[in-house]
Every structure is written in structure tokens, then in C-alpha cells.
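Peer 1: Sharing coords-v7.cif below, mmCIF, C-alpha atoms and all ligand atoms:
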data_data
#
loop_
_atom_site.group_PDB
_atom_site.id
_atom_site.type_symbol
_atom_site.label_atom_id
_atom_site.label_comp_id
_atom_site.auth_asym_id
_atom_site.auth_seq_id
_atom_site.Cartn_x
_atom_site.Cartn_y
_atom_site.Cartn_z
ATOM 1 C CA MET P 2 2.751 11.831 21.323
ATOM 2 C CA GLU P 3 0.749 10.006 18.638
ATOM 3 C CA ARG P 4 0.377 11.656 15.227
ATOM 4 C CA THR P 5 -1.730 10.869 12.159
ATOM 5 C CA PHE P 6 -1.821 12.035 8.566
ATOM 6 C CA LEU P 7 -5.102 13.387 7.209
ATOM 7 C CA ALA P 8 -5.779 14.787 3.737
ATOM 8 C CA ILE P 9 -8.864 16.604 2.496
ATOM 9 C CA LYS P 10 -9.199 15.298 -1.052
ATOM 10 C CA PRO P 11 -9.952 17.465 -4.121
ATOM 11 C CA ASP P 12 -13.726 16.959 -3.717
ATOM 12 C CA GLY P 13 -13.641 18.240 -0.135
ATOM 13 C CA VAL P 14 -11.626 21.294 -1.164
ATOM 14 C CA GLN P 15 -13.800 22.029 -4.231
ATOM 15 C CA ARG P 16 -16.981 21.684 -2.157
ATOM 16 C CA GLY P 17 -15.751 24.191 0.412
ATOM 17 C CA LEU P 18 -15.599 21.674 3.260
ATOM 18 C CA VAL P 19 -12.083 22.531 4.491
ATOM 19 C CA GLY P 20 -13.248 24.678 7.415
ATOM 20 C CA GLU P 21 -15.971 22.236 8.456
ATOM 21 C CA ILE P 22 -13.526 19.317 8.477
ATOM 22 C CA ILE P 23 -10.687 21.075 10.285
ATOM 23 C CA SER P 24 -13.218 22.319 12.814
ATOM 24 C CA ARG P 25 -14.250 18.769 13.729
ATOM 25 C CA PHE P 26 -10.716 17.761 14.711
ATOM 26 C CA GLU P 27 -10.067 21.093 16.423
ATOM 27 C CA THR P 28 -13.200 20.982 18.553
ATOM 28 C CA LYS P 29 -12.629 17.321 19.404
ATOM 29 C CA GLY P 30 -9.425 18.452 21.090
ATOM 30 C CA PHE P 31 -6.667 17.216 18.808
ATOM 31 C CA THR P 32 -3.688 19.431 17.977
ATOM 32 C CA LEU P 33 -2.826 20.573 14.461
ATOM 33 C CA VAL P 34 0.947 20.242 13.930
ATOM 34 C CA GLY P 35 1.202 20.374 10.119
ATOM 35 C CA LEU P 36 -0.918 21.975 7.394
ATOM 36 C CA LYS P 37 -0.505 22.761 3.703
ATOM 37 C CA LEU P 38 -2.503 23.123 0.483
ATOM 38 C CA LEU P 39 -0.859 21.491 -2.522
ATOM 39 C CA ASN P 40 -1.345 20.074 -5.974
ATOM 40 C CA VAL P 41 -0.338 16.431 -5.626
ATOM 41 C CA SER P 42 2.178 15.092 -8.152
ATOM 42 C CA ARG P 43 1.580 11.743 -9.836
ATOM 43 C CA GLU P 44 4.715 10.470 -8.077
ATOM 44 C CA LEU P 45 3.408 11.408 -4.608
ATOM 45 C CA ALA P 46 -0.062 10.034 -5.412
ATOM 46 C CA GLU P 47 1.342 6.679 -6.528
ATOM 47 C CA ALA P 48 3.610 6.446 -3.481
ATOM 48 C CA HIS P 49 0.731 7.317 -1.160
ATOM 49 C CA TYR P 50 -1.588 4.709 -2.674
ATOM 50 C CA ASP P 51 1.167 2.127 -3.272
ATOM 51 C CA VAL P 52 -0.696 -0.601 -1.306
ATOM 52 C CA HIS P 53 -3.581 -0.295 -3.790
ATOM 53 C CA ARG P 54 -1.339 -0.467 -6.884
ATOM 54 C CA GLU P 55 -2.800 -3.789 -8.067
ATOM 55 C CA ARG P 56 -6.449 -2.857 -7.450
ATOM 56 C CA PRO P 57 -8.688 -2.061 -10.445
ATOM 57 C CA PHE P 58 -9.552 1.352 -9.010
ATOM 58 C CA PHE P 59 -5.888 2.433 -8.639
ATOM 59 C CA PRO P 60 -5.643 4.498 -11.890
ATOM 60 C CA GLY P 61 -8.876 6.342 -11.057
ATOM 61 C CA LEU P 62 -7.673 6.953 -7.530
ATOM 62 C CA VAL P 63 -4.428 8.542 -8.724
ATOM 63 C CA GLU P 64 -6.336 10.547 -11.346
ATOM 64 C CA PHE P 65 -8.735 11.850 -8.698
ATOM 65 C CA ILE P 66 -6.197 12.775 -5.996
ATOM 66 C CA THR P 67 -4.114 14.693 -8.575
ATOM 67 C CA SER P 68 -7.170 16.473 -10.065
ATOM 68 C CA GLY P 69 -7.146 19.536 -7.782
ATOM 69 C CA PRO P 70 -5.729 20.998 -4.590
ATOM 70 C CA VAL P 71 -5.506 18.791 -1.498
ATOM 71 C CA VAL P 72 -5.215 19.951 2.123
ATOM 72 C CA ALA P 73 -2.580 17.812 3.851
ATOM 73 C CA MET P 74 -2.504 17.800 7.635
ATOM 74 C CA VAL P 75 -0.834 16.188 10.602
ATOM 75 C CA TRP P 76 -2.837 15.985 13.826
ATOM 76 C CA GLU P 77 -1.546 15.004 17.239
ATOM 77 C CA GLY P 78 -3.111 13.560 20.390
ATOM 78 C CA ASP P 79 -3.599 10.442 22.462
ATOM 79 C CA GLY P 80 -5.324 7.839 20.299
ATOM 80 C CA VAL P 81 -5.632 10.231 17.359
ATOM 81 C CA ILE P 82 -5.046 7.575 14.662
ATOM 82 C CA ALA P 83 -8.007 5.367 15.591
ATOM 83 C CA ALA P 84 -10.175 8.291 16.694
ATOM 84 C CA ALA P 85 -9.702 10.103 13.376
ATOM 85 C CA ARG P 86 -10.649 6.931 11.479
ATOM 86 C CA LYS P 87 -13.858 6.761 13.536
ATOM 87 C CA MET P 88 -14.590 10.425 12.902
ATOM 88 C CA ILE P 89 -13.999 9.883 9.157
ATOM 89 C CA GLY P 90 -16.293 6.831 8.922
ATOM 90 C CA ALA P 91 -16.507 3.865 6.546
ATOM 91 C CA THR P 92 -14.751 3.983 3.153
ATOM 92 C CA ASN P 93 -18.076 4.026 1.285
ATOM 93 C CA PRO P 94 -19.957 7.141 2.444
ATOM 94 C CA LEU P 95 -23.264 5.320 1.918
ATOM 95 C CA ASN P 96 -22.199 2.873 4.654
ATOM 96 C CA ALA P 97 -20.674 5.522 6.910
ATOM 97 C CA GLU P 98 -22.591 6.309 10.093
ATOM 98 C CA PRO P 99 -24.299 9.688 10.431
ATOM 99 C CA GLY P 100 -22.088 11.852 12.617
ATOM 100 C CA THR P 101 -18.970 10.847 10.709
ATOM 101 C CA ILE P 102 -17.437 13.086 8.045
ATOM 102 C CA ARG P 103 -18.184 10.676 5.199
ATOM 103 C CA GLY P 104 -21.581 9.782 6.688
ATOM 104 C CA ASP P 105 -22.624 13.421 6.944
ATOM 105 C CA LEU P 106 -21.029 14.861 3.825
ATOM 106 C CA GLY P 107 -20.672 12.240 1.086
ATOM 107 C CA ILE P 108 -22.514 9.732 -1.113
ATOM 108 C CA ASN P 109 -19.894 8.028 -3.318
ATOM 109 C CA ILE P 110 -16.860 5.814 -2.630
ATOM 110 C CA GLY P 111 -14.853 7.587 -5.323
ATOM 111 C CA ARG P 112 -15.631 10.964 -3.736
ATOM 112 C CA ASN P 113 -15.177 10.216 -0.054
ATOM 113 C CA ILE P 114 -13.742 13.600 0.902
ATOM 114 C CA ILE P 115 -10.910 12.715 3.239
ATOM 115 C CA HIS P 116 -8.034 10.323 3.811
ATOM 116 C CA GLY P 117 -6.829 9.201 7.234
ATOM 117 C CA SER P 118 -3.949 6.890 8.176
ATOM 118 C CA ASP P 119 -5.229 3.490 9.300
ATOM 119 C CA ALA P 120 -2.507 2.353 11.765
ATOM 120 C CA PRO P 121 0.622 3.584 13.586
ATOM 121 C CA GLU P 122 3.020 2.246 10.903
ATOM 122 C CA THR P 123 1.085 3.802 8.014
ATOM 123 C CA ALA P 124 0.689 7.063 9.941
ATOM 124 C CA GLN P 125 4.451 7.344 10.371
ATOM 125 C CA LYS P 126 5.073 6.455 6.737
ATOM 126 C CA GLU P 127 2.474 8.926 5.426
ATOM 127 C CA VAL P 128 3.557 11.807 7.679
ATOM 128 C CA SER P 129 7.137 11.513 6.404
ATOM 129 C CA LEU P 130 5.990 11.020 2.798
ATOM 130 C CA TRP P 131 3.934 14.227 2.783
ATOM 131 C CA PHE P 132 5.855 16.483 5.213
ATOM 132 C CA LYS P 133 9.475 17.425 5.835
ATOM 133 C CA ASP P 134 10.477 17.473 9.514
ATOM 134 C CA GLU P 135 10.812 21.267 9.464
ATOM 135 C CA GLU P 136 7.219 21.636 8.227
ATOM 136 C CA LEU P 137 5.882 20.110 11.450
ATOM 137 C CA VAL P 138 5.411 22.316 14.499
ATOM 138 C CA SER P 139 5.581 20.893 18.015
ATOM 139 C CA TRP P 140 3.551 23.042 20.368
ATOM 140 C CA GLN P 141 1.351 22.703 23.390
ATOM 141 C CA PRO P 142 -2.021 24.465 23.253
ATOM 142 C CA GLN P 143 -2.828 26.596 26.292
ATOM 143 C CA MET P 144 -6.093 24.691 26.701
ATOM 144 C CA THR P 145 -4.303 21.380 27.356
ATOM 145 C CA PRO P 146 -5.148 21.309 31.113
ATOM 146 C CA TRP P 147 -8.823 21.692 30.172
ATOM 147 C CA LEU P 148 -8.671 18.683 27.841
ATOM 148 C CA HIS P 149 -6.579 16.284 29.916
ATOM 149 C CA GLU P 150 -7.015 15.243 33.520
HETATM 150 P P1 LIG B 201 -9.907 4.293 3.273
HETATM 151 O O1 LIG B 201 -9.765 5.584 2.519
HETATM 152 O O2 LIG B 201 -11.197 4.242 4.042
HETATM 153 O O3 LIG B 201 -8.697 3.961 4.123
HETATM 154 P P2 LIG B 201 -8.933 2.248 1.448
HETATM 155 O O4 LIG B 201 -7.569 2.522 2.003
HETATM 156 O O5 LIG B 201 -9.400 0.833 1.429
HETATM 157 O O6 LIG B 201 -10.038 3.131 2.180
HETATM 158 O O7 LIG B 201 -8.992 2.770 -0.052
HETATM 159 C C1 LIG B 201 -8.372 3.984 -0.419
HETATM 160 C C2 LIG B 201 -9.309 4.758 -1.301
HETATM 161 O O8 LIG B 201 -9.536 4.031 -2.514
HETATM 162 C C3 LIG B 201 -10.694 4.972 -0.708
HETATM 163 O O9 LIG B 201 -10.725 6.114 0.120
HETATM 164 C C4 LIG B 201 -11.546 5.119 -1.932
HETATM 165 C C5 LIG B 201 -10.887 4.207 -2.935
HETATM 166 N N1 LIG B 201 -11.533 2.889 -2.973
HETATM 167 C C6 LIG B 201 -11.405 1.903 -2.057
HETATM 168 N N2 LIG B 201 -12.122 0.821 -2.394
HETATM 169 C C7 LIG B 201 -12.716 1.141 -3.573
HETATM 170 C C8 LIG B 201 -13.601 0.457 -4.463
HETATM 171 N N3 LIG B 201 -14.018 -0.789 -4.211
HETATM 172 N N4 LIG B 201 -14.006 1.121 -5.571
HETATM 173 C C9 LIG B 201 -13.591 2.361 -5.856
HETATM 174 N N5 LIG B 201 -12.767 3.060 -5.053
HETATM 175 C C10 LIG B 201 -12.334 2.464 -3.943
HETATM 176 MG MG MG B 202 -6.734 3.535 3.574
#
What does this structure look like when you write it as C-alpha cells?
Ligand code: DAT
Ligand code: MG

Peer 2:
Amino acid sequence: MERTFLAIKPDGVQRGLVGEIISRFETKGFTLVGLKLLNVSRELAEAHYDVHRERPFFPGLVEFITSGPVVAMVWEGDGVIAAARKMIGATNPLNAEPGTIRGDLGINIGRNIIHGSDAPETAQKEVSLWFKDEELVSWQPQMTPWLHE
């Protein structure tokens, strides 16, 4: 079953948006298989954003993601990687469609509330970067027959 890594960034946690955001993925029908609140180390932040290392905004990005608690999550479901990206919306919240998390809840690219893996390879890499195997719970919700034909 497909899995993706999502993280509510320090702005989302500080603004009290954790419940609202988790609720969107829950009510959509995806399954939560990993969840923790943590202060992100500089080492983890730099590893997570390694692809952006050469970009001018990299230092600010690391500064921001380490500035307060983050809610790290793994969600499971058919097509969850692409669907979560759609639900999150464009990188710049000002360009994100209404109805998306960034489109509904944000106004600035440096405060865009949530991270979501962008492809199967990155999802796998990010899940194993942020979670140990034993922190992930495989389970089948009782409502599954009401979500899948
Ligand atoms: P996304 O988070 O939509 O996958 P990304 O991977 O291109 O976007 O960039 C990672 C984060 O870096 C993004 O959430 C916010 C920040 N960022 C991206 N482009 C930026 C820019 N031009 N200026 C400032 N911050 C930027
Ligand atoms: Mg990205």
C-alpha cells in the first residue's frame, strides 16, 4: 500500500492548525500509520531539505523548520502521494487554489504550513528519514469496506 510523508511545519503548529490539517486527511479516507511531535535537529532538517542545499533560501528554510515543534506523519492509501500534494496546494500559498490547505490557510511561501512528499522515491526516503520501522503501525480501519468498492 502506498505511503507518504507529511509534516505540519512550525507555523502550522503555532497557529493551532494541527487538528484542522489532520482532519482533512482523515475525512478524505486516508489512513494514519505514523505520528509524532518533535523538535527537528539541524542535522535532520539539512538531510530533509538536501535537494535544496544550493538554493538561496536553504539557510532560512533550515532555520524555520528547526524553530519550533513539527508534527511528522505517515499516511497510507491508494494514490496518497499525489492526492496529498493536491490537497496541500501550490508551494506559494498565494498561488494555491482555494480548497487546498495552503490556499485556505496561508499567505507566504516561507510560511506554507505543511510539507508533503512529491513522488514515490522521495516518499520512501522521507518516511525512513523521519521514522523508525517500529514507529509505523500497519492497521486496517473498520470503515475500509465503506471507502473501497
Ligand atoms: P514544496 O514544499 O511545495 O514541495 P519545494 O520542495 O520546491 O516546495 O520547496 C521546499 C520549501 O522551500 C517550500 O515549501 C518553501 C521553500 N521555498 C521553495 N521555493 C522558495 C522560494 N523561491 N523562496 C523562498 N522559499 C522557498
Ligand atoms: Mg518539495

Peer 1: For a quick check of your reading of the model, name the residues lying within 8 Å of the coordinate (-1.1, 18.3, 15.4), counting only C-alpha atoms, and write them as an NGL selection string.

Peer 2: :P and (4 or 31-35 or 74-78 or 138-139)

Peer 1: Neighbours of ligand LIG 201 (chain B) at 8 Å or closer, counting all atoms listed in the file: which residues, as a compact mmCIF listing (two decimals) with C-alpha atoms, keeping the file's coordinate frame?

Peer 2:
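Saved to part.txt:
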# COMPACT_ATOMS: atom_id res chain seq x y z
CA TYR P 50 -1.59 4.71 -2.67
CA HIS P 53 -3.58 -0.30 -3.79
CA PRO P 57 -8.69 -2.06 -10.44
CA PHE P 58 -9.55 1.35 -9.01
CA PHE P 59 -5.89 2.43 -8.64
CA GLY P 61 -8.88 6.34 -11.06
CA LEU P 62 -7.67 6.95 -7.53
CA ARG P 86 -10.65 6.93 11.48
CA GLY P 90 -16.29 6.83 8.92
CA ALA P 91 -16.51 3.86 6.55
CA THR P 92 -14.75 3.98 3.15
CA ASN P 93 -18.08 4.03 1.28
CA ILE P 110 -16.86 5.81 -2.63
CA GLY P 111 -14.85 7.59 -5.32
CA ARG P 112 -15.63 10.96 -3.74
CA ASN P 113 -15.18 10.22 -0.05
CA ILE P 115 -10.91 12.72 3.24
CA HIS P 116 -8.03 10.32 3.81
CA GLY P 117 -6.83 9.20 7.23
CA SER P 118 -3.95 6.89 8.18
CA ASP P 119 -5.23 3.49 9.30

Peer 1: Check the smallest atom-to-atom distance from each of P:Ala46, P:Ala8, P:Val41, P:Ala120 to Gly69 of chain P using only C-alpha atoms, then report the winner.

Peer 2: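 When distances to Gly69 of chain P are compared using only C-alpha atoms, the smallest one comes from P:Val41.
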
Peer 1: For the atom pair atom CA of Glu27 of chain P and atom CA of Met88 of chain P, what is the interatomic distance in Å to one decimal place?

Peer 2: 12.1 Å

Peer 1: Written as a PDB file with C-alpha atoms, keeping the file's coordinate frame, which residues does the PyMOL selection byres (((chain P and resi 15) around 12) and not hetatm) give for the file shown?

Peer 2:
ATOM      1  CA  ILE P   9      -8.864  16.604   2.496  1.00  0.00           C
ATOM      2  CA  LYS P  10      -9.199  15.298  -1.052  1.00  0.00           C
ATOM      3  CA  PRO P  11      -9.952  17.465  -4.121  1.00  0.00           C
ATOM      4  CA  ASP P  12     -13.726  16.959  -3.717  1.00  0.00           C
ATOM      5  CA  GLY P  13     -13.641  18.240  -0.135  1.00  0.00           C
ATOM      6  CA  VAL P  14     -11.626  21.294  -1.164  1.00  0.00           C
ATOM      7  CA  ARG P  16     -16.981  21.684  -2.157  1.00  0.00           C
ATOM      8  CA  GLY P  17     -15.751  24.191   0.412  1.00  0.00           C
ATOM      9  CA  LEU P  18     -15.599  21.674   3.260  1.00  0.00           C
ATOM     10  CA  VAL P  19     -12.083  22.531   4.491  1.00  0.00           C
ATOM     11  CA  GLY P  20     -13.248  24.678   7.415  1.00  0.00           C
ATOM     12  CA  SER P  68      -7.170  16.473 -10.065  1.00  0.00           C
ATOM     13  CA  GLY P  69      -7.146  19.536  -7.782  1.00  0.00           C
ATOM     14  CA  PRO P  70      -5.729  20.998  -4.590  1.00  0.00           C
ATOM     15  CA  VAL P  71      -5.506  18.791  -1.498  1.00  0.00           C
ATOM     16  CA  VAL P  72      -5.215  19.951   2.123  1.00  0.00           C
ATOM     17  CA  ARG P 112     -15.631  10.964  -3.736  1.00  0.00           C
ATOM     18  CA  ILE P 114     -13.742  13.600   0.902  1.00  0.00           C
TER      19      ILE P 114
END

Peer 1: May I ask which of the residues P:Ser24, P:Thr5, P:Thr123, P:Ser42 is the closest one to ligand MG 202 (chain B), counting only C-alpha atoms and all ligand atoms?

Peer 2: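 Result for the nearest residue to ligand MG 202 (chain B): P:Thr123.
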
Peer 1: Taking all atoms listed in the file into account, name the residue in P:Phe6, P:Leu137, P:His49, P:Arg25 that is nearest to Gly100 of chain P.

Peer 2: P:Arg25

Peer 1: Which residue gives the smallest distance to ligand MG 202 (chain B) among P:Leu45, P:Ala85, P:Val52, P:Leu95, with only C-alpha atoms and all ligand atoms counted?

Peer 2: P:Val52

Peer 1: Quick one: pull the distance between atom CA of Leu38 of chain P and atom CA of Leu130 of chain P, Å, one decimal.

Peer 2: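 Distance between the two atoms: 15.0 Å.
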
Peer 1: Name the residues within 7 Å of (-2.0, 6.1, 18.2), counting only C-alpha atoms in the file's coordinates, and put them as number ranges by chain.

Peer 2: P: 3-4, 79-83, 121

Peer 1: Mind writing the picked residues with C-alpha atoms as a PDB file, in the frame of the given file?

Peer 2:
ATOM      1  CA  GLU P   3       0.749  10.006  18.638  1.00  0.00           C
ATOM      2  CA  ARG P   4       0.377  11.656  15.227  1.00  0.00           C
ATOM      3  CA  ASP P  79      -3.599  10.442  22.462  1.00  0.00           C
ATOM      4  CA  GLY P  80      -5.324   7.839  20.299  1.00  0.00           C
ATOM      5  CA  VAL P  81      -5.632  10.231  17.359  1.00  0.00           C
ATOM      6  CA  ILE P  82      -5.046   7.575  14.662  1.00  0.00           C
ATOM      7  CA  ALA P  83      -8.007   5.367  15.591  1.00  0.00           C
ATOM      8  CA  PRO P 121       0.622   3.584  13.586  1.00  0.00           C
TER       9      PRO P 121
END

Peer 1: Can you measure atom CA of Leu7 of chain P to atom CA of Ala124 of chain P for me? One decimal in Å is fine.

Peer 2: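 These two atoms are separated by 9.0 Å.
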
Peer 1: From the set P:Glu21, P:Pro142, P:Ile66, P:Gln125, which residue has the shortest atom-to-atom contact distance to Leu106 of chain P, counting all atoms listed in the file?

Peer 2: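 Ranking P:Glu21, P:Pro142, P:Ile66, P:Gln125 by distance to Leu106 of chain P, first place goes to P:Glu21.
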
Peer 1: Measuring between only C-alpha atoms and all ligand atoms, which one of P:Asp105, P:Arg43, P:Asp51, P:Val128 shows the shortest distance to ligand MG 202 (chain B)?

Peer 2: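 For ligand MG 202 (chain B), the nearest of the given residues is P:Asp51.
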
Peer 1: Any chance you could work out the residue set of the PyMOL selection byres (((chain P and resi 108) around 7) and not hetatm) here, as JSON, numbers by chain?

Peer 2: {"P": [94, 95, 107, 109]}
